[in-house]
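To start, the structure itself, in structure tokens.
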Amino acid sequence: MGSSLTCSGVVWALLSLLCAAASCVGFFMPYWLLGTQMDKPVSFGTFRRCSYPVRDEERQITVMLEQCGRYASFHGIPSLEWRICTVVTGVGCGLLLLVALTALMGCCISDLISRTIGRVAGGIQFVGGLLIGSGCALYPLGWDSEEVQQTCNNSSDQFKLGSCQIGWAYYCTGASAAAAMLLCTWLSCFAGKKQKQYPY
């Protein structure tokens, strides 16, 4: 059992895993947009939210329930742009994860990753990073939804934060996508060893 990766390929495999993990964590965490509502901290992801208003029937008032959860349905996501962002970013994360796991297997299995396969994997990473980047670019288009405006002091709009701020998960997702597109794609060109020429 030998490696099918060069030294650059091992770095590529580890960096691919790091980028895939960071983008998946950032995508799943509901800390893309931070604000307050009824003096409670509120945060949004693409398909998750922390702290939301519920009606207390006993006291006949609206209170903030301080817990995180997914929206009840895909159509429950506050805006069409966020729905598209969820799908696009999710597919991109899936592609990065697929390549990262393949690259890691290349560390242990000989003849798994050739120069050509390494370059194809790099192309897939580029597409994955591009999809995640597109999702990050689409996300601010949903800031004009009613839910976001309630959290951002009714002063948010598309590409305008109002009283809200961008959270760490958004930066984490975007940075890992950029690293996958630039560094991982470049390193993948040197990842695989040349195939042995057999006499038959």
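Convention: chains lettered A, B, ... in structure tokens order; per-chain residue numbering from 1; ligands numbered from 1 as shown.
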Could you list, with a cut-off of 10 Å and counting only C-alpha atoms, the residues of segment 78-110 of chain A near segment 133-141 of chain A, each shown with its nearest atom pair and the distance in Å rounded to one decimal, rows sorted by chain and ascending number, as CSV?
residue,atom,partner,partner_atom,distance
A:Ser79,CA,A:Leu141,CA,8.6
A:Leu80,CA,A:Leu141,CA,9.1
A:Glu81,CA,A:Leu138,CA,6.2
A:Trp82,CA,A:Tyr139,CA,5.9
A:Arg83,CA,A:Tyr139,CA,9.3
A:Ile84,CA,A:Gly135,CA,7.5
A:Cys85,CA,A:Gly135,CA,4.3
A:Thr86,CA,A:Gly135,CA,7.2
A:Val87,CA,A:Gly135,CA,8.3
A:Val88,CA,A:Gly135,CA,5.8
A:Thr89,CA,A:Gly135,CA,5.2
A:Gly90,CA,A:Gly135,CA,8.9
A:Gly92,CA,A:Gly133,CA,8.8
Could you please write out, as a PyMOL selection string, every residue of segment 144-176 of chain A that DSSP assigns to strand (DSSP E or B)? chain A and resi 157+160+165-166
As a VMD selection string, please: all residues of segment 54-100 of chain A that backbone DSSP puts in helix (DSSP H, G or I). chain A and resid 74 to 76 80 to 100
Counting only C-alpha atoms, which residues in segment 83-163 of chain A sit no more than 8 Å from segment 6-19 of chain A? For each one, give the nearest pair of atoms and the distance in Å, sorted by chain then residue number, as a Markdown table.
| residue | atom | partner | partner_atom | distance |
| --- | --- | --- | --- | --- |
| A:Leu96 | CA | A:Ser16 | CA | 7.2 |
| A:Leu97 | CA | A:Leu17 | CA | 7.1 |
| A:Val99 | CA | A:Ser16 | CA | 7.4 |
| A:Ala100 | CA | A:Leu17 | CA | 4.9 |
| A:Leu101 | CA | A:Leu17 | CA | 7.2 |
| A:Ala103 | CA | A:Ala13 | CA | 4.9 |
| A:Leu104 | CA | A:Ala13 | CA | 5.6 |
| A:Cys107 | CA | A:Val10 | CA | 6.7 |
With only C-alpha atoms as the counted atoms, please give the residues lying no more than 12 Å from Ser156 of chain A, apart from itself and same-chain residues fewer than 6 positions off, as a compact mmCIF listing (two decimals) with C-alpha atoms, in the first residue's frame.
# COMPACT_ATOMS: atom_id res chain seq x y z
CA LEU A 33 -26.08 37.47 9.88
CA GLY A 35 -28.81 41.25 14.88
CA PRO A 140 -27.23 39.75 0.74
CA LEU A 141 -30.12 39.81 -1.76
CA GLY A 142 -32.31 38.30 0.98
CA TRP A 143 -31.68 41.07 3.49
CA ASP A 144 -34.87 42.85 2.38
CA SER A 145 -37.10 40.04 3.73
CA GLU A 146 -39.51 40.87 6.57
CA GLU A 147 -37.76 38.57 9.08
CA VAL A 148 -34.38 40.19 8.51
CA GLN A 149 -35.82 43.71 8.61
CA GLN A 150 -37.47 43.00 11.98
CA GLY A 162 -28.93 48.31 8.65
CA SER A 163 -28.22 47.67 12.34
CA CYS A 164 -27.13 44.05 11.72
CA GLN A 165 -23.64 42.73 11.06
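Coordinates place atom CA of Tyr170 of chain A at a distance of 10.7 Å from atom CA of Ala22 of chain A.
Here the question is which of A:Ser3, A:Ser110, A:Ser176, A:Gln125 gets nearest to Leu98 of chain A using only C-alpha atoms, and that residue is A:Gln125.
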Long-range neighbours of Arg70 of chain A as a PyMOL selection string, 10 Å cut-off, only C-alpha atoms, 3 positions minimum in chain: chain A and resi 28+30+44-50+73-74+76-77
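Residues surrounding Val127 of chain A within 10 Å are Val91, Gly92, Leu95, Leu96, Ala121, Gly122, Gly123, Ile124, Gln125, Gly129, Leu130, Leu131, Ile132, Gly133, Ala177, Ala180, Met181 and Thr185 of chain A [only C-alpha atoms; sequence separation below 2 positions excluded].
Shortest atom-to-atom contact with Ser188 of chain A among A:Gln67, A:Ser114, A:Thr36, A:Asn154: A:Ser114, counting only C-alpha atoms.
Closest to Cys68 of chain A among A:Ala178, A:Cys24, A:Cys152, A:Val42 is A:Val42, based on only C-alpha atoms.
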Would you list the contacts of Gln37 of chain A as a VMD selection string, taking every protein, DNA or RNA residue within 9 Å and counting only C-alpha atoms, but skipping same-chain residues closer than 3 positions in sequence? chain A and resid 40 to 42 51 to 53 64 150 to 153
